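Pasted below: coords_18.txt, compact mmCIF, C-alpha atoms and all ligand atoms.
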# COMPACT_ATOMS: atom_id res chain seq x y z
CA LYS I 25 -2.38 -2.32 6.97
CA ARG I 26 -3.86 1.17 7.23
CA VAL I 27 -7.65 1.07 7.32
CA ALA I 28 -10.27 3.80 6.97
CA ILE I 29 -13.91 3.25 7.91
CA LEU I 30 -16.77 5.03 6.15
CA ILE I 31 -20.05 5.44 8.02
CA SER I 32 -23.34 7.31 7.84
CA GLY I 33 -24.88 6.56 11.21
CA ARG I 34 -24.45 5.15 14.68
CA GLY I 35 -21.23 3.28 13.94
CA SER I 36 -21.59 0.09 15.98
CA ASN I 37 -19.71 -1.93 13.36
CA MET I 38 -17.12 0.85 13.23
CA THR I 39 -16.69 0.55 17.00
CA ALA I 40 -16.27 -3.23 16.73
CA LEU I 41 -13.55 -2.72 14.11
CA ILE I 42 -11.77 -0.05 16.16
CA ASP I 43 -11.77 -2.31 19.22
CA ALA I 44 -10.51 -5.32 17.28
CA CYS I 45 -7.69 -3.34 15.69
CA ARG I 46 -6.44 -2.39 19.14
CA LEU I 47 -5.92 -6.00 20.15
CA PRO I 48 -2.32 -7.18 20.16
CA ASP I 49 -1.17 -8.77 16.89
CA TYR I 50 -4.18 -7.61 14.89
CA PRO I 51 -2.78 -6.97 11.39
CA ALA I 52 -4.51 -3.61 10.79
CA GLU I 53 -4.87 -0.20 12.36
CA ILE I 54 -7.76 2.20 11.91
CA VAL I 55 -6.32 5.51 10.71
CA GLY I 56 -9.55 7.45 10.50
CA VAL I 57 -13.29 7.54 9.95
CA GLY I 58 -15.17 9.40 7.23
CA SER I 59 -18.85 10.10 6.82
CA ASN I 60 -21.23 11.55 4.28
CA ARG I 61 -23.30 12.92 7.17
CA ALA I 62 -21.78 15.46 9.52
CA THR I 63 -24.29 14.44 12.20
CA ALA I 64 -23.47 10.71 12.16
CA PRO I 65 -23.22 9.72 15.85
CA GLY I 66 -20.34 7.40 14.98
CA LEU I 67 -18.10 10.38 14.20
CA GLU I 68 -18.18 11.48 17.84
CA ILE I 69 -17.39 7.96 19.02
CA ALA I 70 -14.41 7.87 16.65
CA SER I 71 -13.12 11.25 17.84
CA ALA I 72 -13.56 10.21 21.46
CA ARG I 73 -11.30 7.28 20.68
CA GLY I 74 -8.67 9.60 19.36
CA LEU I 75 -9.22 8.97 15.66
CA GLU I 76 -9.19 11.55 12.91
CA THR I 77 -12.51 12.07 11.15
CA PHE I 78 -13.93 13.92 8.18
CA SER I 79 -17.34 14.44 6.70
CA LEU I 80 -18.21 15.32 3.15
CA ALA I 81 -21.69 16.35 2.02
CA GLN I 82 -22.93 15.73 -1.50
CA SER I 83 -24.24 19.32 -1.51
CA GLN I 84 -20.61 20.56 -1.59
CA PHE I 85 -20.03 18.86 -4.95
CA VAL I 86 -21.43 19.17 -8.45
CA ASP I 87 -21.88 15.44 -8.97
CA ARG I 88 -21.07 11.96 -7.70
CA ASP I 89 -17.73 11.87 -9.50
CA ALA I 90 -16.64 15.04 -7.74
CA PHE I 91 -17.77 13.66 -4.39
CA ASP I 92 -15.91 10.39 -4.88
CA ALA I 93 -12.80 12.25 -6.08
CA ALA I 94 -12.83 14.26 -2.85
CA LEU I 95 -13.29 11.04 -0.89
CA THR I 96 -10.28 9.51 -2.65
CA GLN I 97 -8.23 12.59 -1.85
CA LYS I 98 -9.03 12.30 1.86
CA LEU I 99 -8.25 8.59 1.92
CA ASP I 100 -5.01 9.04 -0.01
CA ALA I 101 -3.94 11.72 2.45
CA TRP I 102 -4.25 9.05 5.16
CA ASN I 103 -2.32 6.55 3.02
CA VAL I 104 -5.14 4.09 3.29
CA ASP I 105 -4.66 0.47 2.19
CA ILE I 106 -8.13 -0.86 2.95
CA ILE I 107 -11.56 0.78 3.23
CA CYS I 108 -14.32 -0.71 5.38
CA LEU I 109 -17.85 0.48 4.67
CA ALA I 110 -19.85 0.22 7.88
CA GLY I 111 -23.38 1.48 7.40
CA PHE I 112 -22.22 3.88 4.67
CA MET I 113 -25.56 4.71 3.07
CA ARG I 114 -24.28 5.90 -0.24
CA ILE I 115 -23.70 4.29 -3.59
CA LEU I 116 -20.12 4.71 -4.77
CA THR I 117 -19.28 5.37 -8.42
CA PRO I 118 -17.97 2.48 -10.53
CA ASP I 119 -14.68 4.39 -10.91
CA PHE I 120 -14.24 4.50 -7.16
CA THR I 121 -15.04 0.82 -6.63
CA VAL I 122 -12.73 -0.23 -9.45
CA ARG I 123 -9.88 1.90 -8.13
CA TRP I 124 -10.21 0.25 -4.71
CA ALA I 125 -11.06 -3.23 -5.99
CA GLY I 126 -9.95 -5.91 -3.56
CA ARG I 127 -9.32 -3.31 -0.86
CA LEU I 128 -12.90 -2.12 -0.32
CA ILE I 129 -15.26 -4.23 1.81
CA ASN I 130 -18.77 -3.86 3.20
CA ILE I 131 -21.06 -5.50 5.71
CA HIS I 132 -24.62 -6.16 4.68
CA PRO I 133 -27.42 -7.38 6.98
CA SER I 134 -28.55 -10.42 4.99
CA LEU I 135 -27.26 -13.70 3.65
CA LEU I 136 -26.31 -12.37 0.23
CA PRO I 137 -27.29 -12.91 -2.53
CA LEU I 138 -30.61 -12.84 -0.69
CA TYR I 139 -32.07 -9.41 0.16
CA ARG I 140 -29.82 -6.87 -1.45
CA GLY I 141 -30.72 -3.26 -0.65
CA LEU I 142 -32.69 -1.87 2.26
CA ASP I 143 -35.15 -3.24 4.85
CA THR I 144 -33.61 -6.69 4.77
CA HIS I 145 -35.05 -7.82 8.10
CA ALA I 146 -38.64 -6.85 7.31
CA ARG I 147 -38.37 -8.53 3.92
CA ALA I 148 -36.96 -11.75 5.40
CA LEU I 149 -39.80 -11.84 7.95
CA ALA I 150 -42.42 -11.14 5.28
CA ASP I 151 -41.07 -14.10 3.31
CA GLY I 152 -41.31 -16.39 6.31
CA ALA I 153 -37.54 -17.01 6.23
CA ARG I 154 -36.35 -19.52 8.86
CA VAL I 155 -32.78 -18.25 8.82
CA HIS I 156 -31.27 -14.85 8.17
CA GLY I 157 -27.88 -13.27 8.75
CA CYS I 158 -25.14 -11.01 7.53
CA THR I 159 -22.38 -10.95 4.94
CA VAL I 160 -19.01 -9.27 4.61
CA HIS I 161 -18.16 -8.91 0.93
CA PHE I 162 -15.85 -7.16 -1.47
CA VAL I 163 -17.48 -4.12 -3.05
CA THR I 164 -17.88 -4.08 -6.82
CA PRO I 165 -19.74 -1.55 -9.00
CA ASP I 166 -23.09 -3.29 -8.44
CA LEU I 167 -24.84 -2.66 -5.14
CA ASP I 168 -24.48 -5.50 -2.61
CA GLU I 169 -22.76 -7.71 -5.17
CA GLY I 170 -19.16 -8.78 -5.05
CA PRO I 171 -17.38 -11.84 -3.71
CA THR I 172 -18.39 -12.99 -0.25
CA ILE I 173 -15.69 -13.04 2.41
CA MET I 174 -17.65 -14.29 5.41
CA GLN I 175 -21.25 -14.90 6.48
CA ALA I 176 -23.01 -15.63 9.74
CA GLN I 177 -26.44 -17.15 10.07
CA VAL I 178 -29.01 -16.76 12.85
CA PRO I 179 -32.38 -18.44 13.34
CA VAL I 180 -35.57 -16.46 12.81
CA LEU I 181 -37.59 -17.06 15.97
CA PRO I 182 -41.36 -17.03 16.52
CA GLY I 183 -42.51 -13.52 17.38
CA ASP I 184 -39.47 -11.84 15.80
CA THR I 185 -39.87 -8.27 14.66
CA PRO I 186 -37.44 -6.48 12.33
CA ASP I 187 -35.88 -4.99 15.48
CA THR I 188 -35.39 -8.22 17.41
CA LEU I 189 -33.98 -9.87 14.31
CA ALA I 190 -31.68 -6.91 13.63
CA THR I 191 -30.38 -7.09 17.20
CA ARG I 192 -29.62 -10.81 16.91
CA ILE I 193 -27.82 -10.26 13.62
CA LEU I 194 -25.89 -7.20 14.82
CA VAL I 195 -24.09 -9.38 17.38
CA GLU I 196 -22.88 -11.53 14.49
CA GLU I 197 -21.94 -8.48 12.40
CA HIS I 198 -19.70 -7.27 15.18
CA ARG I 199 -18.06 -10.69 15.32
CA ILE I 200 -17.49 -11.41 11.61
CA TYR I 201 -16.50 -7.93 10.38
CA PRO I 202 -13.30 -7.82 12.46
CA GLU I 203 -12.58 -11.44 11.49
CA ALA I 204 -13.01 -10.71 7.80
CA LEU I 205 -10.83 -7.60 7.98
CA CYS I 206 -8.18 -9.64 9.77
CA LEU I 207 -8.14 -12.15 6.90
CA LEU I 208 -7.82 -9.40 4.30
CA ALA I 209 -5.24 -7.35 6.17
CA SER I 210 -3.05 -10.36 6.91
CA GLY I 211 -2.93 -11.31 3.23
CA THR I 212 -4.66 -14.64 3.92
CA LEU I 213 -7.48 -13.66 1.61
CA LYS I 214 -6.98 -12.97 -2.07
CA TYR I 215 -9.43 -11.03 -4.21
C1 LIG I 301 -25.64 -2.52 9.88
O1 LIG I 301 -26.79 -3.33 10.02
C2 LIG I 301 -24.92 -2.90 8.62
O2 LIG I 301 -25.02 -4.27 8.31
C3 LIG I 301 -25.63 -2.10 7.58
O3 LIG I 301 -25.95 -0.88 8.21
C4 LIG I 301 -26.01 -1.08 9.62
C5 LIG I 301 -25.03 -0.14 10.22
O4 LIG I 301 -25.07 -0.12 11.63
N1 LIG I 301 -24.82 -1.97 6.40
P1 LIG I 301 -23.91 0.56 12.45
O5 LIG I 301 -23.81 2.00 12.00
O6 LIG I 301 -22.65 -0.20 12.16
O7 LIG I 301 -24.32 0.44 13.87
Spell out the structure here as structure tokens.
Amino acid sequence: KRVAILISGRGSNMTALIDACRLPDYPAEIVGVGSNRATAPGLEIASARGLETFSLAQSQFVDRDAFDAALTQKLDAWNVDIICLAGFMRILTPDFTVRWAGRLINIHPSLLPLYRGLDTHARALADGARVHGCTVHFVTPDLDEGPTIMQAQVPVLPGDTPDTLATRILVEEHRIYPEALCLLASGTLKY
């Protein structure tokens, strides 16, 4: 399967996916990386690994529909089968998510349905949560909704800060995102 990754930032999950896809027998290849921020550090990492990249800024477009149409055009030009959102800090239009339904997945740093949205680690700590984690899920029109594909749980430890918790969870993100993509790309997983 031909996979595109969309990012907005550092791209550590992107890197984990790129590395996994280069393993023998992995059922997917990364064909390119797109961003809504031209300065996303992940874009340089992707280029350095020989991947094609693009960036699109909302300021180039009249509205969200026009942005998402341009995004679709780029992805279609790559003949993409599956899109992985990896720290893509942008809400996609319902039209876009419906068009890619079952082929569009995201990683979110919480045990969904807990802590949708931003600042998940600080919120979990403020609640006194004993466990926290991450979720790979199909993307539907509603933010951080959509069927769960895989989750990983970590303990919250005494003295944790949002940063220490994020670091512990990121290790798990890098493990489960490639596993979840493998399931989808191999046809093992049905939407
Ligand atoms: C990750 O925590 C991911 O779960 C969230 O955004 C962050 C992206 O980090 N959606 P990176 O760009 O993959 O390093």
Under the rule of at most 6 Å, produce a per-residue listing of chain I near ligand LIG 301 (chain I): chain, number, name, the closest pair of atoms, and the distance in Å, as a Markdown table, using all atoms listed in the file.
| residue | atom | partner | partner_atom | distance |
| --- | --- | --- | --- | --- |
| I:Gly33 | CA | I:LIG301 | O5 | 4.8 |
| I:Arg34 | CA | I:LIG301 | O5 | 4.2 |
| I:Gly35 | CA | I:LIG301 | O5 | 3.5 |
| I:Ser36 | CA | I:LIG301 | O7 | 3.5 |
| I:Asn37 | CA | I:LIG301 | O6 | 3.6 |
| I:Met38 | CA | I:LIG301 | O6 | 5.7 |
| I:Ala110 | CA | I:LIG301 | O6 | 5.1 |
| I:Gly111 | CA | I:LIG301 | O3 | 3.6 |
| I:Ile131 | CA | I:LIG301 | O2 | 4.9 |
| I:His132 | CA | I:LIG301 | O2 | 4.1 |
| I:Pro133 | CA | I:LIG301 | O2 | 4.1 |
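For the pair atom CA of I:Thr63 and atom CA of I:Thr77, the interatomic distance is 12.1 Å.
With only C-alpha atoms as the atoms that count, the residue of I:Ile193, I:Thr144, I:Arg199, I:Phe120 with the shortest distance to I:Asp43 is I:Arg199.
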Excluding same-chain residues fewer than 5 positions from I:Phe85, what lies within 9 Å of it counting all atoms listed in the file, as a list in words?
Ala90, Phe91 and Ala94 of chain I
Show me as a PyMOL selection string the residues that reach within 12 Å of (-16.1, 3.3, -13.6), counting only C-alpha atoms and using the file's own coordinates.
chain I and resi 88-89+92+116-125+164-166
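Going from atom CA of I:Gly183 to atom CA of I:Met113 covers 28.7 Å.
Atom CA of I:Ala176 is found 10.5 Å from atom CA of I:His198.
With distances taken over all atoms listed in the file, I:Gly58 is the one residue among I:Phe162, I:Gly58, I:Arg127, I:Ser134 lying closest to I:Gln97.
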Wanna dump the stretch 149-207 of chain I-stretch 138-143 of chain I contacts at 10 Å for me, each residue with its shortest atom pair and the distance in Å to one decimal, counting all atoms listed in the file, ordered by chain and number, as a tab-separated table?
residue	atom	partner	partner_atom	distance
I:His156	CA	I:Leu138	CA	9.1
I:Gly157	CA	I:Leu138	CA	9.8
I:Leu167	CA	I:Gly141	CA	7.4
I:Asp168	CA	I:Arg140	CA	5.6
I:Glu169	CA	I:Arg140	CA	8.0
I:Pro186	CA	I:Asp143	CA	8.5
Of I:Ser59, I:Asn130, I:Gln84, I:Thr188, the one nearest to I:Leu99 when counting all atoms listed in the file is I:Ser59
Selection near I:Gln175, 9 Å with all atoms listed in the file, sequence-local residues under 5 positions removed, as an MDAnalysis selection string:
chainID I and resid 134:136 157:161 196:197 200
Quick one: residues within 10 Å of I:Trp102, all atoms listed in the file, excluding same-chain residues fewer than 2 positions away - as a PDB file with C-alpha atoms, in the frame of the given file?
ATOM      1  CA  ARG I  26      -3.860   1.170   7.230  1.00  0.00           C
ATOM      2  CA  VAL I  27      -7.650   1.070   7.320  1.00  0.00           C
ATOM      3  CA  ALA I  28     -10.270   3.800   6.970  1.00  0.00           C
ATOM      4  CA  VAL I  55      -6.320   5.510  10.710  1.00  0.00           C
ATOM      5  CA  GLY I  56      -9.550   7.450  10.500  1.00  0.00           C
ATOM      6  CA  GLU I  76      -9.190  11.550  12.910  1.00  0.00           C
ATOM      7  CA  THR I  96     -10.280   9.510  -2.650  1.00  0.00           C
ATOM      8  CA  GLN I  97      -8.230  12.590  -1.850  1.00  0.00           C
ATOM      9  CA  LYS I  98      -9.030  12.300   1.860  1.00  0.00           C
ATOM     10  CA  LEU I  99      -8.250   8.590   1.920  1.00  0.00           C
ATOM     11  CA  ASP I 100      -5.010   9.040  -0.010  1.00  0.00           C
ATOM     12  CA  VAL I 104      -5.140   4.090   3.290  1.00  0.00           C
ATOM     13  CA  ASP I 105      -4.660   0.470   2.190  1.00  0.00           C
TER      14      ASP I 105
END
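Using only C-alpha atoms, the shortest contact distance between I:Leu207 and any of I:Ile173, I:Gln82, I:Arg114, I:Ile31 is found at I:Ile173.
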